[in-house]
Structure formats: structure tokens, C-alpha cells
file query_21.cif (mmCIF, C-alpha atoms and all ligand atoms)
data_target
loop_
_atom_site.group_PDB
_atom_site.id
_atom_site.type_symbol
_atom_site.label_atom_id
_atom_site.label_comp_id
_atom_site.auth_asym_id
_atom_site.auth_seq_id
_atom_site.Cartn_x
_atom_site.Cartn_y
_atom_site.Cartn_z
ATOM 1 C CA MET W 227 3.440 -15.144 7.552
ATOM 2 C CA GLY W 228 2.154 -17.788 5.200
ATOM 3 C CA LEU W 229 2.675 -16.560 1.656
ATOM 4 C CA ARG W 230 4.179 -19.851 0.436
ATOM 5 C CA ASN W 231 2.427 -21.108 -2.722
ATOM 6 C CA LYS W 232 0.038 -18.158 -2.874
ATOM 7 C CA ASP W 233 -0.422 -15.830 -5.860
ATOM 8 C CA LEU W 234 0.287 -12.108 -5.907
ATOM 9 C CA ILE W 235 -2.414 -10.648 -8.110
ATOM 10 C CA SER W 236 -3.784 -7.784 -6.030
ATOM 11 C CA ILE W 237 -2.565 -6.096 -2.837
ATOM 12 C CA HIS W 238 -6.157 -6.187 -1.666
ATOM 13 C CA ASP W 239 -5.805 -9.998 -1.310
ATOM 14 C CA LEU W 240 -2.889 -9.627 1.120
ATOM 15 C CA SER W 241 -3.325 -9.232 4.866
ATOM 16 C CA VAL W 242 -1.781 -6.285 6.696
ATOM 17 C CA GLY W 243 0.748 -8.731 8.174
ATOM 18 C CA GLU W 244 1.660 -10.151 4.763
ATOM 19 C CA VAL W 245 2.380 -6.680 3.390
ATOM 20 C CA ALA W 246 4.598 -5.998 6.424
ATOM 21 C CA THR W 247 6.414 -9.299 5.863
ATOM 22 C CA ILE W 248 7.119 -8.441 2.211
ATOM 23 C CA LEU W 249 8.567 -5.061 3.268
ATOM 24 C CA ASP W 250 10.720 -6.678 5.986
ATOM 25 C CA VAL W 251 12.072 -9.417 3.704
ATOM 26 C CA ALA W 252 12.780 -6.842 0.968
ATOM 27 C CA LYS W 253 14.822 -4.817 3.452
ATOM 28 C CA LYS W 254 16.781 -7.905 4.469
ATOM 29 C CA LEU W 255 17.422 -8.980 0.850
ATOM 30 C CA LYS W 256 18.475 -5.459 -0.149
ATOM 31 C CA ARG W 257 20.953 -5.385 2.731
ATOM 32 C CA MET W 258 22.315 -8.826 1.788
ATOM 33 C CA GLN W 259 22.709 -7.870 -1.865
ATOM 34 C CA LYS W 260 24.477 -4.601 -1.008
ATOM 35 C CA ALA W 261 26.808 -6.510 1.354
ATOM 36 C CA GLY W 262 27.596 -9.093 -1.329
ATOM 37 C CA GLN W 263 26.130 -11.916 0.772
ATOM 38 C CA PRO W 264 24.693 -14.861 -1.175
ATOM 39 C CA HIS W 265 20.944 -15.247 -0.808
ATOM 40 C CA ARG W 266 20.118 -18.167 -3.076
ATOM 41 C CA PHE W 267 16.679 -18.864 -1.632
ATOM 42 C CA LEU W 268 15.423 -20.107 -5.032
ATOM 43 C CA ALA W 269 18.405 -22.224 -6.106
ATOM 44 C CA GLY W 270 17.376 -24.720 -8.773
ATOM 45 C CA LYS W 271 13.982 -23.073 -9.387
ATOM 46 C CA SER W 272 12.597 -21.599 -12.601
ATOM 47 C CA LEU W 273 10.250 -18.706 -13.358
ATOM 48 C CA ALA W 274 8.303 -18.195 -16.588
ATOM 49 C CA MET W 275 7.741 -14.532 -17.450
ATOM 50 C CA ILE W 276 4.943 -13.764 -19.930
ATOM 51 C CA PHE W 277 4.938 -10.280 -21.463
ATOM 52 C CA SER W 278 2.101 -9.196 -23.749
ATOM 53 C CA LYS W 279 3.060 -5.540 -23.200
ATOM 54 C CA ALA W 280 6.399 -3.715 -23.329
ATOM 55 C CA SER W 281 8.618 -3.402 -20.260
ATOM 56 C CA THR W 282 12.044 -2.248 -19.136
ATOM 57 C CA ARG W 283 11.929 -2.249 -15.319
ATOM 58 C CA THR W 284 9.619 -5.206 -14.743
ATOM 59 C CA ARG W 285 11.384 -7.511 -17.146
ATOM 60 C CA VAL W 286 14.904 -6.698 -16.002
ATOM 61 C CA SER W 287 14.124 -6.625 -12.273
ATOM 62 C CA PHE W 288 12.290 -9.967 -12.341
ATOM 63 C CA GLU W 289 14.936 -11.655 -14.495
ATOM 64 C CA VAL W 290 17.931 -10.289 -12.572
ATOM 65 C CA GLY W 291 16.178 -10.787 -9.241
ATOM 66 C CA PHE W 292 15.354 -14.427 -9.891
ATOM 67 C CA HIS W 293 18.960 -15.001 -11.006
ATOM 68 C CA GLN W 294 20.300 -13.386 -7.815
ATOM 69 C CA LEU W 295 18.073 -15.738 -5.825
ATOM 70 C CA GLY W 296 19.808 -18.659 -7.527
ATOM 71 C CA GLY W 297 17.166 -19.540 -10.121
ATOM 72 C CA GLN W 298 16.550 -19.182 -13.830
ATOM 73 C CA ALA W 299 13.931 -16.940 -15.474
ATOM 74 C CA ILE W 300 12.510 -17.565 -18.941
ATOM 75 C CA TYR W 301 11.161 -14.696 -21.047
ATOM 76 C CA LEU W 302 8.078 -15.388 -23.166
ATOM 77 C CA ASN W 303 6.037 -13.018 -25.280
ATOM 78 C CA ASP W 304 3.292 -13.343 -27.864
ATOM 79 C CA ALA W 305 5.746 -13.569 -30.749
ATOM 80 C CA VAL W 306 8.078 -16.263 -29.380
ATOM 81 C CA SER W 307 5.498 -18.490 -27.698
ATOM 82 C CA GLN W 308 2.212 -20.077 -28.722
ATOM 83 C CA ILE W 309 0.304 -17.474 -26.702
ATOM 84 C CA GLY W 310 0.215 -15.111 -29.699
ATOM 85 C CA ARG W 311 -1.211 -17.908 -31.830
ATOM 86 C CA GLY W 312 -4.132 -18.224 -29.461
ATOM 87 C CA GLU W 313 -3.254 -21.113 -27.154
ATOM 88 C CA PRO W 314 -5.821 -20.777 -24.363
ATOM 89 C CA VAL W 315 -4.630 -19.233 -21.091
ATOM 90 C CA LYS W 316 -5.895 -22.269 -19.195
ATOM 91 C CA ASP W 317 -3.694 -24.574 -21.281
ATOM 92 C CA THR W 318 -0.647 -22.322 -20.964
ATOM 93 C CA ALA W 319 -1.198 -22.282 -17.198
ATOM 94 C CA ARG W 320 -1.288 -26.066 -16.911
ATOM 95 C CA VAL W 321 1.656 -26.657 -19.240
ATOM 96 C CA LEU W 322 3.934 -24.074 -17.632
ATOM 97 C CA SER W 323 3.024 -25.422 -14.185
ATOM 98 C CA ARG W 324 4.611 -28.751 -15.211
ATOM 99 C CA PHE W 325 7.932 -27.019 -15.949
ATOM 100 C CA VAL W 326 8.410 -24.027 -13.674
ATOM 101 C CA ASP W 327 7.989 -22.995 -10.037
ATOM 102 C CA GLY W 328 6.251 -19.696 -10.679
ATOM 103 C CA ILE W 329 4.722 -17.566 -13.442
ATOM 104 C CA MET W 330 4.953 -13.790 -13.764
ATOM 105 C CA ILE W 331 2.582 -12.211 -16.267
ATOM 106 C CA ARG W 332 2.126 -8.724 -17.746
ATOM 107 C CA THR W 333 -0.918 -8.460 -19.952
ATOM 108 C CA PHE W 334 -3.980 -6.378 -20.817
ATOM 109 C CA SER W 335 -6.988 -8.077 -19.261
ATOM 110 C CA HIS W 336 -6.999 -8.631 -15.511
ATOM 111 C CA GLU W 337 -9.399 -11.540 -16.044
ATOM 112 C CA SER W 338 -6.685 -13.375 -18.018
ATOM 113 C CA VAL W 339 -4.407 -13.249 -14.996
ATOM 114 C CA LEU W 340 -7.192 -14.532 -12.752
ATOM 115 C CA GLU W 341 -7.806 -17.358 -15.204
ATOM 116 C CA LEU W 342 -4.098 -18.163 -15.382
ATOM 117 C CA ALA W 343 -3.988 -18.360 -11.596
ATOM 118 C CA ARG W 344 -7.111 -20.533 -11.482
ATOM 119 C CA TYR W 345 -5.501 -23.160 -13.699
ATOM 120 C CA ALA W 346 -1.848 -22.854 -12.625
ATOM 121 C CA THR W 347 -0.629 -25.036 -9.807
ATOM 122 C CA VAL W 348 2.348 -22.738 -9.110
ATOM 123 C CA PRO W 349 2.291 -19.138 -7.791
ATOM 124 C CA VAL W 350 1.243 -16.447 -10.289
ATOM 125 C CA ILE W 351 2.568 -12.882 -9.969
ATOM 126 C CA ASN W 352 0.839 -9.942 -11.613
ATOM 127 C CA GLY W 353 3.435 -7.826 -13.440
ATOM 128 C CA LEU W 354 0.756 -5.301 -14.545
ATOM 129 C CA THR W 355 -2.704 -5.473 -16.037
ATOM 130 C CA ASP W 356 -5.029 -2.735 -17.248
ATOM 131 C CA LEU W 357 -6.486 -2.795 -13.732
ATOM 132 C CA LEU W 358 -3.576 -3.194 -11.303
ATOM 133 C CA HIS W 359 0.209 -2.983 -10.892
ATOM 134 C CA PRO W 360 0.788 -4.467 -7.435
ATOM 135 C CA CYS W 361 4.567 -5.055 -7.617
ATOM 136 C CA GLN W 362 5.131 -1.393 -8.440
ATOM 137 C CA ALA W 363 2.923 -0.209 -5.577
ATOM 138 C CA LEU W 364 4.709 -2.503 -3.090
ATOM 139 C CA ALA W 365 8.077 -1.112 -4.255
ATOM 140 C CA ASP W 366 6.626 2.396 -3.862
ATOM 141 C CA ILE W 367 5.571 1.759 -0.264
ATOM 142 C CA PHE W 368 9.003 0.260 0.453
ATOM 143 C CA THR W 369 10.618 3.413 -1.003
ATOM 144 C CA ILE W 370 8.400 5.689 1.091
ATOM 145 C CA GLN W 371 9.320 3.717 4.208
ATOM 146 C CA GLU W 372 13.028 4.045 3.372
ATOM 147 C CA LYS W 373 12.745 7.779 2.849
ATOM 148 C CA LEU W 374 10.176 8.821 5.467
ATOM 149 C CA GLU W 375 10.521 5.925 7.962
ATOM 150 C CA VAL W 376 6.972 6.078 9.315
ATOM 151 C CA LEU W 377 4.161 5.059 6.951
ATOM 152 C CA LYS W 378 1.109 5.343 9.187
ATOM 153 C CA GLY W 379 -0.621 8.700 8.950
ATOM 154 C CA ARG W 380 1.387 9.905 5.948
ATOM 155 C CA LYS W 381 -0.473 11.454 3.019
ATOM 156 C CA LEU W 382 0.078 10.277 -0.559
ATOM 157 C CA VAL W 383 -1.542 12.279 -3.343
ATOM 158 C CA PHE W 384 -1.815 10.699 -6.770
ATOM 159 C CA ILE W 385 -2.192 13.182 -9.627
ATOM 160 C CA GLY W 386 -3.797 12.331 -12.967
ATOM 161 C CA ASP W 387 -5.409 9.306 -14.541
ATOM 162 C CA GLY W 388 -7.171 6.994 -12.064
ATOM 163 C CA ASN W 389 -5.435 4.023 -13.698
ATOM 164 C CA ASN W 390 -3.828 0.705 -12.729
ATOM 165 C CA MET W 391 -1.200 2.572 -10.690
ATOM 166 C CA ALA W 392 -3.781 4.656 -8.844
ATOM 167 C CA HIS W 393 -5.780 1.497 -8.067
ATOM 168 C CA SER W 394 -2.815 -0.432 -6.677
ATOM 169 C CA LEU W 395 -1.625 2.552 -4.640
ATOM 170 C CA MET W 396 -5.112 2.887 -3.139
ATOM 171 C CA TYR W 397 -4.981 -0.758 -2.059
ATOM 172 C CA ALA W 398 -1.395 -0.436 -0.800
ATOM 173 C CA CYS W 399 -1.932 2.766 1.191
ATOM 174 C CA ALA W 400 -5.034 1.294 2.815
ATOM 175 C CA LYS W 401 -3.038 -1.754 3.987
ATOM 176 C CA VAL W 402 -0.234 0.288 5.574
ATOM 177 C CA GLY W 403 -2.386 3.032 7.126
ATOM 178 C CA MET W 404 -1.429 5.845 4.739
ATOM 179 C CA ASN W 405 -3.990 8.448 3.734
ATOM 180 C CA MET W 406 -4.379 8.659 -0.008
ATOM 181 C CA VAL W 407 -6.126 11.150 -2.240
ATOM 182 C CA CYS W 408 -6.511 10.467 -5.936
ATOM 183 C CA ALA W 409 -6.753 13.801 -7.778
ATOM 184 C CA SER W 410 -8.360 13.152 -11.149
ATOM 185 C CA PRO W 411 -10.865 14.841 -13.444
ATOM 186 C CA LYS W 412 -14.352 13.427 -13.938
ATOM 187 C CA GLY W 413 -14.319 10.520 -16.368
ATOM 188 C CA TYR W 414 -10.757 9.550 -15.343
ATOM 189 C CA GLN W 415 -11.330 8.788 -11.694
ATOM 190 C CA PRO W 416 -10.521 5.379 -10.196
ATOM 191 C CA ARG W 417 -13.090 2.599 -10.421
ATOM 192 C CA PRO W 418 -15.746 2.930 -7.708
ATOM 193 C CA ASP W 419 -15.549 -0.758 -6.745
ATOM 194 C CA ILE W 420 -11.771 -0.509 -6.179
ATOM 195 C CA LEU W 421 -12.248 2.714 -4.218
ATOM 196 C CA ALA W 422 -14.888 1.047 -2.038
ATOM 197 C CA ARG W 423 -12.643 -1.942 -1.301
ATOM 198 C CA ALA W 424 -9.701 0.309 -0.460
ATOM 199 C CA GLN W 425 -11.939 2.388 1.820
ATOM 200 C CA GLU W 426 -13.089 -0.762 3.581
ATOM 201 C CA ASP W 427 -9.436 -1.772 4.231
ATOM 202 C CA ALA W 428 -8.613 1.808 5.259
ATOM 203 C CA SER W 429 -11.351 1.719 7.896
ATOM 204 C CA HIS W 430 -9.471 -1.180 9.548
ATOM 205 C CA THR W 431 -6.044 0.491 9.480
ATOM 206 C CA GLY W 432 -7.303 3.929 10.525
ATOM 207 C CA CYS W 433 -6.640 5.929 7.369
ATOM 208 C CA THR W 434 -8.665 7.382 4.494
ATOM 209 C CA VAL W 435 -8.755 6.884 0.725
ATOM 210 C CA SER W 436 -10.622 9.479 -1.322
ATOM 211 C CA VAL W 437 -11.036 11.065 -4.745
ATOM 212 C CA GLU W 438 -10.808 14.808 -5.390
ATOM 213 C CA GLU W 439 -11.094 16.787 -8.614
ATOM 214 C CA ASP W 440 -9.125 19.805 -7.396
ATOM 215 C CA MET W 441 -5.483 18.741 -7.406
ATOM 216 C CA PHE W 442 -4.254 21.849 -5.563
ATOM 217 C CA LYS W 443 -6.665 21.186 -2.735
ATOM 218 C CA ALA W 444 -5.650 17.508 -2.751
ATOM 219 C CA ALA W 445 -1.906 18.243 -2.671
ATOM 220 C CA LYS W 446 -2.111 20.344 0.512
ATOM 221 C CA GLY W 447 0.136 18.841 3.170
ATOM 222 C CA ALA W 448 1.192 15.871 1.028
ATOM 223 C CA ASP W 449 4.161 13.797 2.189
ATOM 224 C CA VAL W 450 4.281 12.029 -1.176
ATOM 225 C CA LEU W 451 3.263 13.272 -4.628
ATOM 226 C CA TYR W 452 2.832 10.527 -7.209
ATOM 227 C CA THR W 453 1.978 10.621 -10.867
ATOM 228 C CA ASP W 454 1.851 8.353 -13.911
ATOM 229 C CA VAL W 455 1.301 8.794 -17.646
ATOM 230 C CA TRP W 456 -2.010 10.123 -18.984
ATOM 231 C CA THR W 457 -2.154 7.376 -21.599
ATOM 232 C CA SER W 458 -1.325 3.865 -20.442
ATOM 233 C CA MET W 459 -0.261 0.969 -22.635
ATOM 234 C CA GLY W 460 -3.211 -0.149 -24.735
ATOM 235 C CA GLU W 461 -4.958 3.264 -24.615
ATOM 236 C CA GLU W 462 -2.972 4.897 -27.423
ATOM 237 C CA ALA W 463 -6.078 5.458 -29.584
ATOM 238 C CA GLU W 464 -7.492 7.734 -26.838
ATOM 239 C CA ARG W 465 -4.342 9.826 -26.589
ATOM 240 C CA GLU W 466 -5.849 13.101 -27.807
ATOM 241 C CA GLN W 467 -8.965 13.014 -25.655
ATOM 242 C CA ARG W 468 -6.906 11.985 -22.637
ATOM 243 C CA PHE W 469 -4.537 14.879 -23.214
ATOM 244 C CA ALA W 470 -7.496 17.272 -23.370
ATOM 245 C CA ALA W 471 -8.995 15.978 -20.110
ATOM 246 C CA LEU W 472 -5.767 15.538 -18.135
ATOM 247 C CA HIS W 473 -3.365 18.238 -19.364
ATOM 248 C CA THR W 474 -3.664 20.387 -16.222
ATOM 249 C CA TYR W 475 -2.946 17.392 -13.967
ATOM 250 C CA GLN W 476 0.795 17.910 -13.921
ATOM 251 C CA VAL W 477 3.277 17.583 -11.063
ATOM 252 C CA ASN W 478 5.176 20.873 -11.324
ATOM 253 C CA GLU W 479 6.775 23.458 -8.987
ATOM 254 C CA GLU W 480 3.439 25.164 -8.342
ATOM 255 C CA LEU W 481 1.862 21.921 -7.153
ATOM 256 C CA LEU W 482 4.960 20.984 -5.153
ATOM 257 C CA ASN W 483 4.544 24.254 -3.238
ATOM 258 C CA MET W 484 1.227 22.960 -1.880
ATOM 259 C CA ALA W 485 2.887 19.885 -0.383
ATOM 260 C CA ARG W 486 5.005 19.618 2.753
ATOM 261 C CA PRO W 487 8.516 21.061 2.361
ATOM 262 C CA GLU W 488 10.098 17.600 2.787
ATOM 263 C CA CYS W 489 7.662 15.981 0.327
ATOM 264 C CA ILE W 490 9.040 13.245 -1.946
ATOM 265 C CA VAL W 491 7.985 12.774 -5.566
ATOM 266 C CA LEU W 492 7.447 9.324 -7.060
ATOM 267 C CA HIS W 493 6.681 8.145 -10.583
ATOM 268 C CA CYS W 494 6.555 4.499 -11.626
ATOM 269 C CA LEU W 495 8.315 5.389 -14.925
ATOM 270 C CA PRO W 496 8.521 5.604 -17.860
ATOM 271 C CA ALA W 497 7.701 9.327 -17.574
ATOM 272 C CA HIS W 498 6.586 11.777 -20.214
ATOM 273 C CA ARG W 499 8.427 14.930 -19.190
ATOM 274 C CA GLY W 500 6.375 18.034 -19.914
ATOM 275 C CA GLU W 501 3.128 16.078 -19.666
ATOM 276 C CA GLU W 502 2.272 14.532 -16.269
ATOM 277 C CA ILE W 503 5.515 15.808 -14.675
ATOM 278 C CA THR W 504 7.970 18.578 -15.483
ATOM 279 C CA ASP W 505 11.619 17.892 -16.190
ATOM 280 C CA SER W 506 12.640 20.167 -13.306
ATOM 281 C CA VAL W 507 10.568 18.225 -10.750
ATOM 282 C CA ILE W 508 11.642 14.755 -11.896
ATOM 283 C CA GLU W 509 15.289 15.880 -11.934
ATOM 284 C CA GLY W 510 14.892 18.004 -8.773
ATOM 285 C CA PRO W 511 15.723 17.426 -5.081
ATOM 286 C CA HIS W 512 12.298 16.002 -4.122
ATOM 287 C CA SER W 513 12.371 13.260 -6.744
ATOM 288 C CA VAL W 514 13.279 9.714 -5.653
ATOM 289 C CA VAL W 515 12.275 7.996 -8.890
ATOM 290 C CA PHE W 516 15.506 6.085 -9.476
ATOM 291 C CA ASP W 517 15.666 4.692 -5.937
ATOM 292 C CA GLU W 518 12.016 3.775 -6.483
ATOM 293 C CA ALA W 519 12.899 1.951 -9.717
ATOM 294 C CA GLU W 520 15.757 0.080 -8.017
ATOM 295 C CA ASN W 521 13.436 -1.048 -5.256
ATOM 296 C CA ARG W 522 11.398 -3.026 -7.776
ATOM 297 C CA LEU W 523 14.284 -5.491 -7.685
ATOM 298 C CA HIS W 524 14.424 -5.877 -3.903
ATOM 299 C CA VAL W 525 10.680 -6.011 -3.328
ATOM 300 C CA GLN W 526 10.014 -8.513 -6.119
ATOM 301 C CA LYS W 527 12.837 -10.702 -4.838
ATOM 302 C CA ALA W 528 11.063 -10.692 -1.480
ATOM 303 C CA VAL W 529 7.754 -11.580 -3.125
ATOM 304 C CA MET W 530 9.276 -14.406 -5.177
ATOM 305 C CA ALA W 531 11.234 -15.812 -2.236
ATOM 306 C CA LEU W 532 8.168 -15.715 0.017
ATOM 307 C CA LEU W 533 5.916 -17.374 -2.563
ATOM 308 C CA MET W 534 8.367 -19.958 -3.872
ATOM 309 C CA SER W 535 11.220 -20.723 -1.479
ATOM 310 C CA ASP W 536 11.356 -23.945 0.538
ATOM 311 C CA GLN W 537 13.613 -22.212 3.019
ATOM 312 C CA THR W 538 12.657 -20.020 5.964
ATOM 313 C CA LEU W 539 13.471 -16.418 5.177
HETATM 314 N N1 LIG R 1 7.226 0.824 -13.914
HETATM 315 C C1 LIG R 1 7.222 -0.220 -14.762
HETATM 316 O O1 LIG R 1 6.517 -1.209 -14.571
HETATM 317 O O2 LIG R 1 8.086 -0.089 -15.807
HETATM 318 P P1 LIG R 1 8.193 -1.024 -17.076
HETATM 319 O O3 LIG R 1 6.979 -0.792 -17.925
HETATM 320 O O4 LIG R 1 9.462 -0.573 -17.750
HETATM 321 O O5 LIG R 1 8.281 -2.459 -16.637
HETATM 322 N N1 LIG R 2 -0.091 3.097 -16.220
HETATM 323 C C1 LIG R 2 1.078 2.686 -16.974
HETATM 324 C C2 LIG R 2 2.111 2.082 -16.071
HETATM 325 C C3 LIG R 2 3.374 1.647 -16.755
HETATM 326 C C4 LIG R 2 4.367 1.042 -15.817
HETATM 327 C C5 LIG R 2 0.635 1.697 -18.036
HETATM 328 O O1 LIG R 2 -0.183 0.811 -17.726
HETATM 329 O O2 LIG R 2 1.092 1.798 -19.171
#

call {"tool": "encode", "arguments": {"input": "query_21.cif", "output": "C-alpha cells", "more": "lines below"}}
Ligand code: CP
Ligand code: NVA
result
Amino acid sequence: MGLRNKDLISIHDLSVGEVATILDVAKKLKRMQKAGQPHRFLAGKSLAMIFSKASTRTRVSFEVGFHQLGGQAIYLNDAVSQIGRGEPVKDTARVLSRFVDGIMIRTFSHESVLELARYATVPVINGLTDLLHPCQALADIFTIQEKLEVLKGRKLVFIGDGNNMAHSLMYACAKVGMNMVCASPKGYQPRPDILARAQEDASHTGCTVSVEEDMFKAAKGADVLYTDVWTSMGEEAEREQRFAALHTYQVNEELLNMARPECIVLHCLPAHRGEEITDSVIEGPHSVVFDEAENRLHVQKAVMALLMSDQTL
């Protein structure tokens, strides 16, 4: 499918076929890496990585992944670049486009990423905004496929804050035909416009995306339980009020009992044990969180190779 030279900003922008291609290429690249086979699809290329927020997984998986594909990744943040001194996004986009073959960005405002992509002449990859985290959700779907084989008709229940992760999972589930329920309290539910778009996609793939306040009702028959922190990066000032609203929205043994016996538990990490998930669940037999984290590497390599490689994959 034709992903060459495109951006990856939102899963909603991808076709059903493009999502399938990313999953297939990720599987192939994971196999090649495990077998020690070279896969230098981006030899001689460079990637600029802009981080205005902290990261462990995203930074390391993009940097290592681009290296394994034969290219070089350059880390930039507000302190070491001119971005922190206020150089306009549109200028950064045009300058970096003269040097590198792709730009990965993690920042606060989603609009900044859209602006970067508007002015860049190379592919732009969204490494998380306040609104979306598409690379994580693609790695999550890949992990679910590895563990449960069939995606269509499965039920994923997201517990907690209707945040960037919830939004991207809604888009991702809708593309692959998985039913998704977002269990969140009033005031912390996903954005209605994102929900509507996901529901529109879901109507084409024959699944449903919905919001439910009662998490026990939502978790009934779940194949996948997913949660994320109550307070995302940039929301630290709201920590207390978020805790008050969300403290019952925890993935624990009681909730797990509502799901299917073979249910898997995902968390994008970093996790706050004792808040959105208990230590016993994240360390328990249903949890696949470290395979999920590893899959960031394989899925992002697929995305980068598909967007930037001159070779046929
Ligand atoms: N899940 C995730 O994106 O982790 P980092 O914040 O460590 O990159
Ligand atoms: N919702 C979290 C995800 C971190 C990977 C945040 O935005 O901080």
C-alpha cells in the first residue's frame, strides 16, 4: 500500500489496508531482527526526533529502530535546539526538511504537529501529543494480534481517563474491527468528535466504539483490558482533582474477574502501581506489558520503513 512520503499523525488518516500493511511489515521486521538478518531499508537516511516532553520507550525505540534500519537518528529537545527559544514550528519544519528524511515529534499541542507536517517536505511521525499517541496504539494492536491471533470481533475495554491513549485506541480498534468500550467517569470521557469519527470508521469495519461510566459493566467479556495514568504529562496541576474523579477506575483482580478468563492486560507504561493498576495485575499472568513495550520498536520500524524507504518492503 502507498505509505511512501506520507505522515503518520493519526490512525484515523490511515486506510484499513494501510493499517494491515504496517502490522504485516512489523511482523516481518521483528522476525528478521530476531533471526539476526540485516534489514537496512533506511541505509544512509537520517531522522530528527523532537521531544518537548519526557520519554523512555519512544525515544529509545525510535533511535534504536532507525539505527537497526541502517540510518542515523538525531535527538533534539527544547533545551538543546532553538525550539525552546521560540523558533517558529514552520521554520523548524522547513530547515529540518533540508537535512533529514523524516521528523518524529513528541509535544503538547496537536496543532503544532499538524503545522510541522504542513511545512515539512519529509514525513512527520507523531510520537505523542495531548490528543493522540498513534505509534503506541499501533504497537498495542500488533501485540493483541500476536497474543490473540484474531482481531476482528475482539473486545478491548479501556479503563480510566479518556486521554490521548484512549483516543488513539478508539481509532485503531475501529480500523481493525475490534469492539472498544471506554470506561470513564463524566468529565473525563473521550472527546465527542474523536468518538464520532471512530464510530464512523467502526460502521465500515463492522464493530462498535462506545463510552460507558460503569467500568464493571464495560469489562464484561473483555478480551483485552487496557489502562493508562490518571494524570498525563502536562496535566500535573490537576493531579488532585483527577485522583478524586478517577480513583475507582483501577485495573485490579476484581475487575479482571469480569473479563474473559484468557483476557490480556495492556498498559502503555509508565504505570503508577496502586493507582490505575495494581502491582499484582501488572506483574500477574494476564499482563503482557513488556512484550507490548518491545513491540514499539518493531511497529515503528515498520512505519519508518514504509514512509521513508526507497526499497520495496
Ligand atoms: N509509552 C510511551 O510512550 O512511553 P514513553 O513516555 O517512555 O515514551
Ligand atoms: N497518557 C500518557 C501517555 C504516556 C505514554 C501521557 O500523555 O502522559

call {"tool": "residues_around", "arguments": {"input": "query_21.cif", "residues": "His512 in chain W", "least_positions_apart": "4", "cutoff": "9 Å", "atoms": "all atoms listed in the file", "output": "list of chain:residue names"}}
result
W:Leu482, W:Glu488, W:Cys489, W:Ile490, W:Val491, W:Leu492, W:Val507, W:Ile508

call {"tool": "atom_distance", "arguments": {"input": "query_21.cif", "atom1": "CA of Thr318 in chain W", "atom2": "CA of Asn231 in chain W"}}
result
18.5 Å

call {"tool": "resolve_selection", "arguments": {"input": "query_21.cif", "expression": "the PyMOL selection byres (((chain W and resi 345) around 9) and not hetatm)", "output": "list in words"}}
result
Val315, Lys316, Asp317, Thr318, Ala319, Arg320, Ser323, Leu340, Glu341, Leu342, Ala343, Arg344, Ala346 and Thr347 of chain W

call {"tool": "resolve_selection", "arguments": {"input": "query_21.cif", "expression": "the PyMOL selection byres (((chain W and resi 368) around 9) and not hetatm)", "output": "list of chain:residue names"}}
result
W:Leu249, W:Ala252, W:Lys253, W:Ala363, W:Leu364, W:Ala365, W:Asp366, W:Ile367, W:Thr369, W:Ile370, W:Gln371, W:Glu372, W:Lys373, W:Glu518, W:Asn521, W:Val525

call {"tool": "closest_atom_pairs", "arguments": {"input": "query_21.cif", "of": "chain W", "to": "ligand LIG 1 (chain R)", "cutoff": "10 Å", "atoms": "all atoms listed in the file", "output": "JSON lines"}}
result
{"residue": "W:Phe277", "atom": "CA", "partner": "R:LIG1", "partner_atom": "O5", "distance": 9.8}
{"residue": "W:Lys279", "atom": "CA", "partner": "R:LIG1", "partner_atom": "O3", "distance": 8.1}
{"residue": "W:Ala280", "atom": "CA", "partner": "R:LIG1", "partner_atom": "O3", "distance": 6.2}
{"residue": "W:Ser281", "atom": "CA", "partner": "R:LIG1", "partner_atom": "O5", "distance": 3.8}
{"residue": "W:Thr282", "atom": "CA", "partner": "R:LIG1", "partner_atom": "O4", "distance": 3.4}
{"residue": "W:Arg283", "atom": "CA", "partner": "R:LIG1", "partner_atom": "O4", "distance": 3.8}
{"residue": "W:Thr284", "atom": "CA", "partner": "R:LIG1", "partner_atom": "O5", "distance": 3.6}
{"residue": "W:Arg285", "atom": "CA", "partner": "R:LIG1", "partner_atom": "O5", "distance": 6.0}
{"residue": "W:Val286", "atom": "CA", "partner": "R:LIG1", "partner_atom": "O5", "distance": 7.9}
{"residue": "W:Ser287", "atom": "CA", "partner": "R:LIG1", "partner_atom": "O5", "distance": 8.4}
{"residue": "W:Phe288", "atom": "CA", "partner": "R:LIG1", "partner_atom": "O5", "distance": 9.5}
{"residue": "W:Arg332", "atom": "CA", "partner": "R:LIG1", "partner_atom": "O5", "distance": 8.9}
{"residue": "W:Gly353", "atom": "CA", "partner": "R:LIG1", "partner_atom": "O1", "distance": 7.4}
{"residue": "W:Leu354", "atom": "CA", "partner": "R:LIG1", "partner_atom": "O1", "distance": 7.1}
{"residue": "W:His359", "atom": "CA", "partner": "R:LIG1", "partner_atom": "O1", "distance": 7.5}
{"residue": "W:Pro360", "atom": "CA", "partner": "R:LIG1", "partner_atom": "O1", "distance": 9.7}
{"residue": "W:Cys361", "atom": "CA", "partner": "R:LIG1", "partner_atom": "O1", "distance": 8.2}
{"residue": "W:Gln362", "atom": "CA", "partner": "R:LIG1", "partner_atom": "N1", "distance": 6.3}
{"residue": "W:Ala363", "atom": "CA", "partner": "R:LIG1", "partner_atom": "N1", "distance": 9.4}
{"residue": "W:Ala365", "atom": "CA", "partner": "R:LIG1", "partner_atom": "N1", "distance": 9.9}
{"residue": "W:Met391", "atom": "CA", "partner": "R:LIG1", "partner_atom": "N1", "distance": 9.2}
{"residue": "W:Asp454", "atom": "CA", "partner": "R:LIG1", "partner_atom": "N1", "distance": 9.3}
{"residue": "W:Ser458", "atom": "CA", "partner": "R:LIG1", "partner_atom": "O3", "distance": 9.8}
{"residue": "W:Met459", "atom": "CA", "partner": "R:LIG1", "partner_atom": "O3", "distance": 8.8}
{"residue": "W:His493", "atom": "CA", "partner": "R:LIG1", "partner_atom": "N1", "distance": 8.1}
{"residue": "W:Cys494", "atom": "CA", "partner": "R:LIG1", "partner_atom": "N1", "distance": 4.4}
{"residue": "W:Leu495", "atom": "CA", "partner": "R:LIG1", "partner_atom": "N1", "distance": 4.8}
{"residue": "W:Pro496", "atom": "CA", "partner": "R:LIG1", "partner_atom": "O2", "distance": 6.1}
{"residue": "W:Ala497", "atom": "CA", "partner": "R:LIG1", "partner_atom": "N1", "distance": 9.3}
{"residue": "W:Glu518", "atom": "CA", "partner": "R:LIG1", "partner_atom": "N1", "distance": 9.3}
{"residue": "W:Ala519", "atom": "CA", "partner": "R:LIG1", "partner_atom": "N1", "distance": 7.1}
{"residue": "W:Arg522", "atom": "CA", "partner": "R:LIG1", "partner_atom": "N1", "distance": 8.4}

call {"tool": "atom_distance", "arguments": {"input": "query_21.cif", "atom1": "CA of His430 in chain W", "atom2": "CA of Val339 in chain W"}}
result
27.8 Å

call {"tool": "residues_around", "arguments": {"input": "query_21.cif", "residues": "Ala422 in chain W", "least_positions_apart": "5", "cutoff": "9 Å", "atoms": "only C-alpha atoms", "output": "ChimeraX atom specification"}}
result
/W:417,427,435

call {"tool": "closest_residue", "arguments": {"input": "query_21.cif", "among": "W:Lys271, W:Lys232, W:Lys443, W:His498", "to": "ligand LIG 2 (chain R)", "atoms": "all atoms listed in the file"}}
result
W:His498
